[in-house]
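This report refers to the structure that appears directly beneath it.
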Amino acid sequence: MRKIQMVDLKGQYENIKERVDSSIMNVIETTAFINGPEVHEFQKELEDYLGVKHVIPSANGTDALQIAMMGLGLKPGDEVITADFTFAATVEVIALLQLTPVLVDVDPVTFNIDVEAIKKAITPKTKAIVPVHLFGLAANMDEIMAIAEEHNLYVIEDNAQGIGADYISKDGSKKKTGAIGHVASTSFFPSKNLGCYGDGGAIFTNDDDLAHSLRGIVNHGMYERYHHDVVGVNSRLDSIQAAVLRAKLPNLDTYNATRQKSAQKYTEAFKGIDQIITPSLCETCASERYDDCNCHVFHQYTLRIIGADRDALVKHLNENDIPCGVYYPIPLHLQKAYKDERYNEEDFTVTNQLVKEVISLPMHTELDDEQIAYITKKVIDFVNK
């Protein structure tokens, strides 16, 4: 059996090596390292793929989320509602802009932001909602957009883990995650479903005026060289990373389908085991098969371990040469940087439970049946002992 990786980027590279190498060499030979043709072509190709009018590349996913908020003109003290159970970057940029983070609980089945918790958190100071398509599963965008419309709020999709996923509306229509809210951000960190070989990110919007603002912000506030019309930052996707992303983008649907098939194999192996709760699909999807529905693209395959010691399972897997991850071990509202006397523990019952139970198993495009069988056996052996 091949060595099990949490993410096997080398194996993925071997399958696209010729195109990646030639694309990188072309950038080096033309020396168009910043804002070169590869960046512009990637932007257009991603716009076509997502069905969104504007893609604005950036240096990384955290910058992308920050720039999205800057483009909306949010002011210090404005409240921004987001999920307590997510990576810190989501709340980090809110705090950096001197906005007020308002953390709320998540749904125990989907792990995505709880729409009822959003409703309870809205105040006259609320200006935006940031749903996170956590682990690759589309959040409940019908409800979130309805809440936003009712209260005149912006919706900023954090699509760092969900690129390529479809959101299925109640009326049966489909849109790609990241193309639904007023603006969205994503990350191209190497381990993402669409990842480059360094840092990278992008912002998406269908709003022409907002796109214009964002394009200035990412480039020092310039639309014309040395003319600084707005306060900006330096956050540009470099041409070599764009070349890698262009090589991978045509394969994204295949990559996601492969992840869905691996996830289905994991889940079938865990059926009937009371101590293991396997991932759910979105709230508007009736399917029970991951490969029948594209609402979950499995950036992570995350279990809940019930009635067994999750941390001991982590140790057991590591001892058997199986990498795994706990995403995330501490709620954001309990992190030193984001603690606030406004928060009450009874408002975070789901998140406080999830951080004790979740474990993510290896998930990538190169997983094979032998590896999945070995991983699932070791998990089952542990919980059944």
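Every chain in the structure tokens has a letter given in the order shown (A, B, ...), and although residue numbers restart at 1 in each chain, ligands are simply numbered from 1 in the order shown.
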For Gln260 of chain A: contacts at 8 Å, only C-alpha atoms, fewer than 3 positions along chain excluded, given as a PyMOL selection string: chain A and resi 256-257+263-264+290-291+296-298
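DSSP annotation of segment 326-355 of chain A from backbone atoms: helix (DSSP H, G or I) residues are Leu332, His333, Leu334, Glu345, Glu346, Asp347, Phe348, Thr349, Val350, Thr351, Asn352, Gln353, Leu354 and Val355 of chain A.
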Please, which residues of segment 27-92 of chain A, numbered as in this document, come out strand (DSSP E) from DSSP, as a VMD selection string? chain A and resid 54 to 58 79 to 83
Pairwise distance for atom CA of Ile240 of chain A and atom CA of Asp63 of chain A, rounded to one decimal in Å: 18.5 Å
For Asp368 of chain A, list every protein, DNA or RNA residue within 10 Å, evaluated using only C-alpha atoms, and leave out those in the same chain fewer than 5 positions away; present the list as a list in words.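 The residues that qualify are Met1, Arg2, Ile4, Ser262 and Ala373 of chain A.
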Set the distance at 9 Å and use only C-alpha atoms: which residues neighbour Gln300 of chain A once local chain neighbours fewer than 6 positions away are removed? I'd like the list as JSON, numbers by chain. {"A": [134, 135, 136, 161, 327, 360, 361, 362, 363, 364]}
Do you have, as a Markdown table, the list of residues of segment 187-212 of chain A lying at most 7 Å from segment 39-60 of chain A, each with its nearest atom pair and that distance in Å to one decimal, counting only C-alpha atoms and ordered by chain then number?
| residue | atom | partner | partner_atom | distance |
| --- | --- | --- | --- | --- |
| A:Ser187 | CA | A:Asn60 | CA | 5.9 |
| A:Phe188 | CA | A:Asn60 | CA | 6.9 |
| A:Asp199 | CA | A:Asn60 | CA | 5.3 |
| A:Gly200 | CA | A:Asn60 | CA | 3.9 |
| A:Gly201 | CA | A:Asn60 | CA | 4.1 |
| A:Ala202 | CA | A:Pro57 | CA | 4.1 |
| A:Ile203 | CA | A:Ile56 | CA | 5.1 |
| A:Phe204 | CA | A:Val55 | CA | 4.7 |
| A:Thr205 | CA | A:His54 | CA | 5.4 |
| A:Asn206 | CA | A:Lys53 | CA | 4.9 |
| A:Ala211 | CA | A:His54 | CA | 6.4 |
Segment 70-73 of chain A environment, 10 Å, only C-alpha atoms, sequence neighbours closer than 5 positions dropped, as a PDB file with N, CA and C atoms, in the first residue's frame:
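Output (around25.pdb):
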ATOM      1  N   ALA A  64      -8.473  38.170   0.123  1.00  0.00           N
ATOM      2  CA  ALA A  64      -9.690  38.242  -0.695  1.00  0.00           C
ATOM      3  C   ALA A  64     -10.906  38.588   0.153  1.00  0.00           C
ATOM      4  N   LEU A  65     -11.007  37.970   1.320  1.00  0.00           N
ATOM      5  CA  LEU A  65     -12.148  38.247   2.203  1.00  0.00           C
ATOM      6  C   LEU A  65     -12.076  39.669   2.758  1.00  0.00           C
ATOM      7  N   VAL A  93     -10.357  39.014   9.589  1.00  0.00           N
ATOM      8  CA  VAL A  93     -10.423  40.199   8.724  1.00  0.00           C
ATOM      9  C   VAL A  93     -11.482  41.191   9.201  1.00  0.00           C
ATOM     10  N   ILE A  94     -12.535  40.680   9.829  1.00  0.00           N
ATOM     11  CA  ILE A  94     -13.550  41.565  10.402  1.00  0.00           C
ATOM     12  C   ILE A  94     -12.907  42.442  11.475  1.00  0.00           C
ATOM     13  N   LEU A  97     -10.376  45.155  10.214  1.00  0.00           N
ATOM     14  CA  LEU A  97     -11.010  46.346   9.642  1.00  0.00           C
ATOM     15  C   LEU A  97     -11.772  47.161  10.693  1.00  0.00           C
ATOM     16  N   LYS A 127     -24.559  44.894   9.386  1.00  0.00           N
ATOM     17  CA  LYS A 127     -24.427  45.318   7.997  1.00  0.00           C
ATOM     18  C   LYS A 127     -24.159  44.159   7.030  1.00  0.00           C
ATOM     19  N   ALA A 128     -23.699  43.018   7.551  1.00  0.00           N
ATOM     20  CA  ALA A 128     -23.339  41.930   6.632  1.00  0.00           C
ATOM     21  C   ALA A 128     -23.402  40.578   7.330  1.00  0.00           C
ATOM     22  N   TYR A 154     -25.614  42.966   3.441  1.00  0.00           N
ATOM     23  CA  TYR A 154     -24.759  42.334   2.446  1.00  0.00           C
ATOM     24  C   TYR A 154     -24.521  40.875   2.825  1.00  0.00           C
ATOM     25  N   ILE A 156     -21.596  38.068   2.158  1.00  0.00           N
ATOM     26  CA  ILE A 156     -20.229  37.846   1.698  1.00  0.00           C
ATOM     27  C   ILE A 156     -19.948  36.356   1.860  1.00  0.00           C
ATOM     28  N   HIS A 182     -23.668  38.884  -2.527  1.00  0.00           N
ATOM     29  CA  HIS A 182     -23.272  40.142  -3.156  1.00  0.00           C
ATOM     30  C   HIS A 182     -21.810  40.111  -3.582  1.00  0.00           C
ATOM     31  N   VAL A 183     -21.010  39.372  -2.827  1.00  0.00           N
ATOM     32  CA  VAL A 183     -19.592  39.224  -3.141  1.00  0.00           C
ATOM     33  C   VAL A 183     -19.126  37.948  -2.442  1.00  0.00           C
ATOM     34  N   ASP A 209     -20.113  47.845 -10.366  1.00  0.00           N
ATOM     35  CA  ASP A 209     -19.499  48.933  -9.606  1.00  0.00           C
ATOM     36  C   ASP A 209     -18.597  48.395  -8.500  1.00  0.00           C
ATOM     37  N   LEU A 210     -19.064  47.366  -7.821  1.00  0.00           N
ATOM     38  CA  LEU A 210     -18.248  46.760  -6.767  1.00  0.00           C
ATOM     39  C   LEU A 210     -16.981  46.155  -7.361  1.00  0.00           C
ATOM     40  N   ALA A 211     -17.089  45.501  -8.500  1.00  0.00           N
ATOM     41  CA  ALA A 211     -15.915  44.912  -9.147  1.00  0.00           C
ATOM     42  C   ALA A 211     -14.880  45.983  -9.462  1.00  0.00           C
ATOM     43  N   HIS A 212     -15.346  47.136  -9.932  1.00  0.00           N
ATOM     44  CA  HIS A 212     -14.436  48.237 -10.231  1.00  0.00           C
ATOM     45  C   HIS A 212     -13.690  48.664  -8.965  1.00  0.00           C
ATOM     46  N   SER A 213     -14.403  48.804  -7.874  1.00  0.00           N
ATOM     47  CA  SER A 213     -13.770  49.176  -6.605  1.00  0.00           C
ATOM     48  C   SER A 213     -12.742  48.141  -6.177  1.00  0.00           C
ATOM     49  N   LEU A 214     -13.105  46.881  -6.279  1.00  0.00           N
ATOM     50  CA  LEU A 214     -12.219  45.798  -5.848  1.00  0.00           C
ATOM     51  C   LEU A 214     -10.935  45.762  -6.661  1.00  0.00           C
ATOM     52  N   ARG A 215     -11.044  46.011  -7.952  1.00  0.00           N
ATOM     53  CA  ARG A 215      -9.848  45.985  -8.804  1.00  0.00           C
ATOM     54  C   ARG A 215      -8.861  47.081  -8.424  1.00  0.00           C
ATOM     55  N   GLY A 216      -9.383  48.199  -7.967  1.00  0.00           N
ATOM     56  CA  GLY A 216      -8.488  49.238  -7.479  1.00  0.00           C
ATOM     57  C   GLY A 216      -7.871  48.880  -6.142  1.00  0.00           C
ATOM     58  N   ILE A 217      -8.674  48.347  -5.252  1.00  0.00           N
ATOM     59  CA  ILE A 217      -8.183  48.032  -3.903  1.00  0.00           C
ATOM     60  C   ILE A 217      -7.039  47.030  -3.940  1.00  0.00           C
ATOM     61  N   VAL A 218      -7.131  45.994  -4.773  1.00  0.00           N
ATOM     62  CA  VAL A 218      -6.079  44.965  -4.781  1.00  0.00           C
ATOM     63  C   VAL A 218      -4.744  45.507  -5.291  1.00  0.00           C
ATOM     64  N   VAL A 230      -8.388  55.293  -4.359  1.00  0.00           N
ATOM     65  CA  VAL A 230      -8.956  54.754  -3.118  1.00  0.00           C
ATOM     66  C   VAL A 230      -7.816  54.188  -2.274  1.00  0.00           C
ATOM     67  N   VAL A 231      -8.079  53.988  -0.986  1.00  0.00           N
ATOM     68  CA  VAL A 231      -7.095  53.325  -0.135  1.00  0.00           C
ATOM     69  C   VAL A 231      -7.089  51.848  -0.501  1.00  0.00           C
ATOM     70  N   GLY A 232      -5.925  51.353  -0.860  1.00  0.00           N
ATOM     71  CA  GLY A 232      -5.835  49.964  -1.308  1.00  0.00           C
ATOM     72  C   GLY A 232      -4.774  49.174  -0.573  1.00  0.00           C
TER      73      GLY A 232
END
Looking at A:Leu103, A:Ala269, A:Leu249, A:Ile380, which one is nearest to Tyr338 of chain A, with distances taken over only C-alpha atoms?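 Among the listed residues, the smallest separation from Tyr338 of chain A belongs to A:Leu103.
Atom pair atom CA of Phe87 of chain A / atom CA of Tyr167 of chain A has a distance of 21.5 Å (rounded to one decimal).
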Selection: 9 Å around segment 349-354 of chain A, only C-alpha atoms, excl. self and same-chain fewer than 2 positions, as a list in words: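 That gives Asp84, Phe85, Asp105, Val106, Asp107, Pro108, Phe111, Arg304, Tyr328, Pro329, Ile330, Pro331, Glu345, Glu346, Asp347, Lys356, Glu357 and Val358 of chain A.
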Option closest in space to Ala32 of chain A, from A:Ile180, A:Leu9, A:Ala243, A:Ile122 [counting only C-alpha atoms]: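 The shortest atom-to-atom distance to Ala32 of chain A comes from A:Ala243.
When only C-alpha atoms are used to measure the gap to Pro279 of chain A, the shortest distance among A:Ile129, A:Leu313, A:Ile359, A:Ala308 belongs to A:Ile359.
Near Ile147 of chain A, within 12 Å and counting only C-alpha atoms, sit Ile81, Val115, Glu116, Ala117, Ile118, Lys119, Lys120, Ala121, Ile122, Thr126, Lys127, Ala128, Ile129, Asn140, Met141, Asp142, Asn152, Leu153, Tyr154, Val155 and Gly181 of chain A; same-chain residues fewer than 5 positions away were not included.
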Resulting file, chosen residues, all heavy atoms, as a compact mmCIF listing (two decimals), in the first residue's frame:
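What ended up in result10.txt:
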# COMPACT_ATOMS: atom_id res chain seq x y z
N ILE A 81 -22.03 39.32 10.97
CA ILE A 81 -22.39 38.03 11.56
C ILE A 81 -21.72 36.91 10.79
O ILE A 81 -21.77 36.86 9.56
CB ILE A 81 -23.92 37.82 11.53
CG1 ILE A 81 -24.62 38.91 12.36
CG2 ILE A 81 -24.29 36.43 12.04
CD1 ILE A 81 -26.13 38.89 12.21
N VAL A 115 -29.30 29.45 10.51
CA VAL A 115 -30.07 30.62 10.06
C VAL A 115 -30.91 31.22 11.18
O VAL A 115 -31.13 32.44 11.22
CB VAL A 115 -30.94 30.28 8.83
CG1 VAL A 115 -30.08 29.94 7.63
CG2 VAL A 115 -31.92 29.16 9.14
N GLU A 116 -31.39 30.40 12.10
CA GLU A 116 -32.16 30.94 13.22
C GLU A 116 -31.26 31.77 14.14
O GLU A 116 -31.68 32.80 14.68
CB GLU A 116 -32.84 29.82 14.01
CG GLU A 116 -33.91 29.08 13.22
CD GLU A 116 -35.01 30.02 12.71
OE1 GLU A 116 -35.43 30.92 13.48
OE2 GLU A 116 -35.43 29.85 11.56
N ALA A 117 -30.02 31.34 14.29
CA ALA A 117 -29.07 32.10 15.09
C ALA A 117 -28.74 33.44 14.43
O ALA A 117 -28.53 34.44 15.12
CB ALA A 117 -27.80 31.29 15.31
N ILE A 118 -28.70 33.46 13.10
CA ILE A 118 -28.48 34.72 12.38
C ILE A 118 -29.60 35.70 12.72
O ILE A 118 -29.35 36.86 13.05
CB ILE A 118 -28.43 34.49 10.86
CG1 ILE A 118 -27.20 33.67 10.46
CG2 ILE A 118 -28.42 35.84 10.12
CD1 ILE A 118 -27.18 33.27 8.99
N LYS A 119 -30.83 35.22 12.62
CA LYS A 119 -31.99 36.09 12.87
C LYS A 119 -31.93 36.71 14.26
O LYS A 119 -32.22 37.90 14.44
CB LYS A 119 -33.28 35.30 12.71
CG LYS A 119 -33.56 34.82 11.29
CD LYS A 119 -34.81 33.94 11.25
CE LYS A 119 -35.05 33.36 9.87
NZ LYS A 119 -36.22 32.45 9.85
N LYS A 120 -31.55 35.92 15.26
CA LYS A 120 -31.50 36.41 16.63
C LYS A 120 -30.38 37.42 16.85
O LYS A 120 -30.45 38.25 17.76
CB LYS A 120 -31.31 35.22 17.59
CG LYS A 120 -32.51 34.30 17.67
CD LYS A 120 -32.22 33.12 18.58
CE LYS A 120 -33.38 32.12 18.58
NZ LYS A 120 -33.06 30.91 19.40
N ALA A 121 -29.35 37.35 16.01
CA ALA A 121 -28.17 38.19 16.21
C ALA A 121 -28.26 39.54 15.53
O ALA A 121 -27.43 40.42 15.77
CB ALA A 121 -26.93 37.45 15.69
N ILE A 122 -29.25 39.75 14.69
CA ILE A 122 -29.35 41.00 13.94
C ILE A 122 -29.74 42.16 14.85
O ILE A 122 -30.66 42.06 15.67
CB ILE A 122 -30.36 40.85 12.79
CG1 ILE A 122 -29.81 39.87 11.73
CG2 ILE A 122 -30.64 42.20 12.12
CD1 ILE A 122 -30.81 39.49 10.66
N THR A 126 -26.07 45.81 12.42
CA THR A 126 -25.68 44.73 11.52
C THR A 126 -25.65 45.21 10.08
O THR A 126 -26.60 45.84 9.61
CB THR A 126 -26.65 43.54 11.64
OG1 THR A 126 -26.74 43.14 13.01
CG2 THR A 126 -26.15 42.37 10.81
N LYS A 127 -24.56 44.89 9.39
CA LYS A 127 -24.43 45.32 8.00
C LYS A 127 -24.16 44.16 7.03
O LYS A 127 -24.36 44.30 5.82
CB LYS A 127 -23.29 46.35 7.87
CG LYS A 127 -23.58 47.67 8.57
CD LYS A 127 -24.75 48.40 7.94
CE LYS A 127 -24.98 49.78 8.55
NZ LYS A 127 -25.47 49.71 9.94
N ALA A 128 -23.70 43.02 7.55
CA ALA A 128 -23.34 41.93 6.63
C ALA A 128 -23.40 40.58 7.33
O ALA A 128 -23.29 40.49 8.56
CB ALA A 128 -21.94 42.15 6.06
N ILE A 129 -23.59 39.54 6.51
CA ILE A 129 -23.54 38.14 6.95
C ILE A 129 -22.45 37.45 6.14
O ILE A 129 -22.38 37.62 4.91
CB ILE A 129 -24.88 37.42 6.72
CG1 ILE A 129 -26.04 38.19 7.36
CG2 ILE A 129 -24.82 35.98 7.24
CD1 ILE A 129 -27.41 37.70 6.90
N ASN A 140 -26.97 27.22 3.59
CA ASN A 140 -28.39 27.39 3.22
C ASN A 140 -28.60 28.81 2.66
O ASN A 140 -29.10 29.71 3.33
CB ASN A 140 -29.27 27.16 4.45
CG ASN A 140 -30.74 27.12 4.10
OD1 ASN A 140 -31.15 27.55 3.01
ND2 ASN A 140 -31.55 26.60 5.00
N MET A 141 -28.23 28.99 1.40
CA MET A 141 -28.21 30.34 0.81
C MET A 141 -29.60 30.90 0.55
O MET A 141 -29.78 32.12 0.58
CB MET A 141 -27.37 30.33 -0.47
CG MET A 141 -25.89 30.05 -0.24
SD MET A 141 -25.11 31.20 0.92
CE MET A 141 -25.25 32.75 0.03
N ASP A 142 -30.60 30.08 0.30
CA ASP A 142 -31.97 30.59 0.15
C ASP A 142 -32.38 31.39 1.38
O ASP A 142 -32.85 32.53 1.28
CB ASP A 142 -32.96 29.44 -0.05
CG ASP A 142 -32.99 28.93 -1.48
OD1 ASP A 142 -32.49 29.64 -2.37
OD2 ASP A 142 -33.53 27.83 -1.70
N ASN A 152 -31.84 44.38 4.65
CA ASN A 152 -30.94 45.23 3.86
C ASN A 152 -29.47 45.01 4.24
O ASN A 152 -28.73 45.96 4.53
CB ASN A 152 -31.32 46.70 4.01
CG ASN A 152 -30.68 47.58 2.95
OD1 ASN A 152 -30.40 47.14 1.84
ND2 ASN A 152 -30.42 48.83 3.30
N LEU A 153 -29.06 43.76 4.22
CA LEU A 153 -27.69 43.39 4.60
C LEU A 153 -26.93 42.85 3.39
O LEU A 153 -27.52 42.32 2.46
CB LEU A 153 -27.72 42.31 5.68
CG LEU A 153 -28.54 42.60 6.94
CD1 LEU A 153 -28.53 41.39 7.85
CD2 LEU A 153 -28.00 43.83 7.66
N TYR A 154 -25.61 42.97 3.44
CA TYR A 154 -24.76 42.33 2.45
C TYR A 154 -24.52 40.87 2.82
O TYR A 154 -24.45 40.52 4.01
CB TYR A 154 -23.40 43.03 2.37
CG TYR A 154 -23.43 44.44 1.83
CD1 TYR A 154 -23.06 45.51 2.63
CD2 TYR A 154 -23.81 44.68 0.52
CE1 TYR A 154 -23.07 46.81 2.14
CE2 TYR A 154 -23.83 45.98 0.01
CZ TYR A 154 -23.46 47.04 0.83
OH TYR A 154 -23.47 48.32 0.34
N VAL A 155 -24.36 40.03 1.81
CA VAL A 155 -23.93 38.65 2.02
C VAL A 155 -22.58 38.46 1.35
O VAL A 155 -22.43 38.70 0.15
CB VAL A 155 -24.96 37.64 1.46
CG1 VAL A 155 -24.40 36.22 1.55
CG2 VAL A 155 -26.27 37.74 2.21
N GLY A 181 -24.11 35.33 -3.32
CA GLY A 181 -24.14 36.52 -2.48
C GLY A 181 -23.76 37.78 -3.25
O GLY A 181 -23.54 37.75 -4.47
What separation in Å, quoted to one decimal, exists between atom CA of Glu92 of chain A and atom CA of Lys75 of chain A? 15.6 Å
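With only C-alpha atoms as the basis for measurement, A:Met6 is the residue among A:His151, A:Met6, A:Ile24, A:Pro131 that approaches Cys324 of chain A most closely.
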Which of these, A:Ile375, A:Ala139, A:Val130, A:Leu99, has the shortest distance to Asn112 of chain A once you count only C-alpha atoms? A:Ala139
Which one of A:Gly325, A:Gly195, A:Gly36, A:Gly11 sits closest to Ser239 of chain A if you count only C-alpha atoms?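 Once distances to Ser239 of chain A are computed over only C-alpha atoms, the minimum belongs to A:Gly36.
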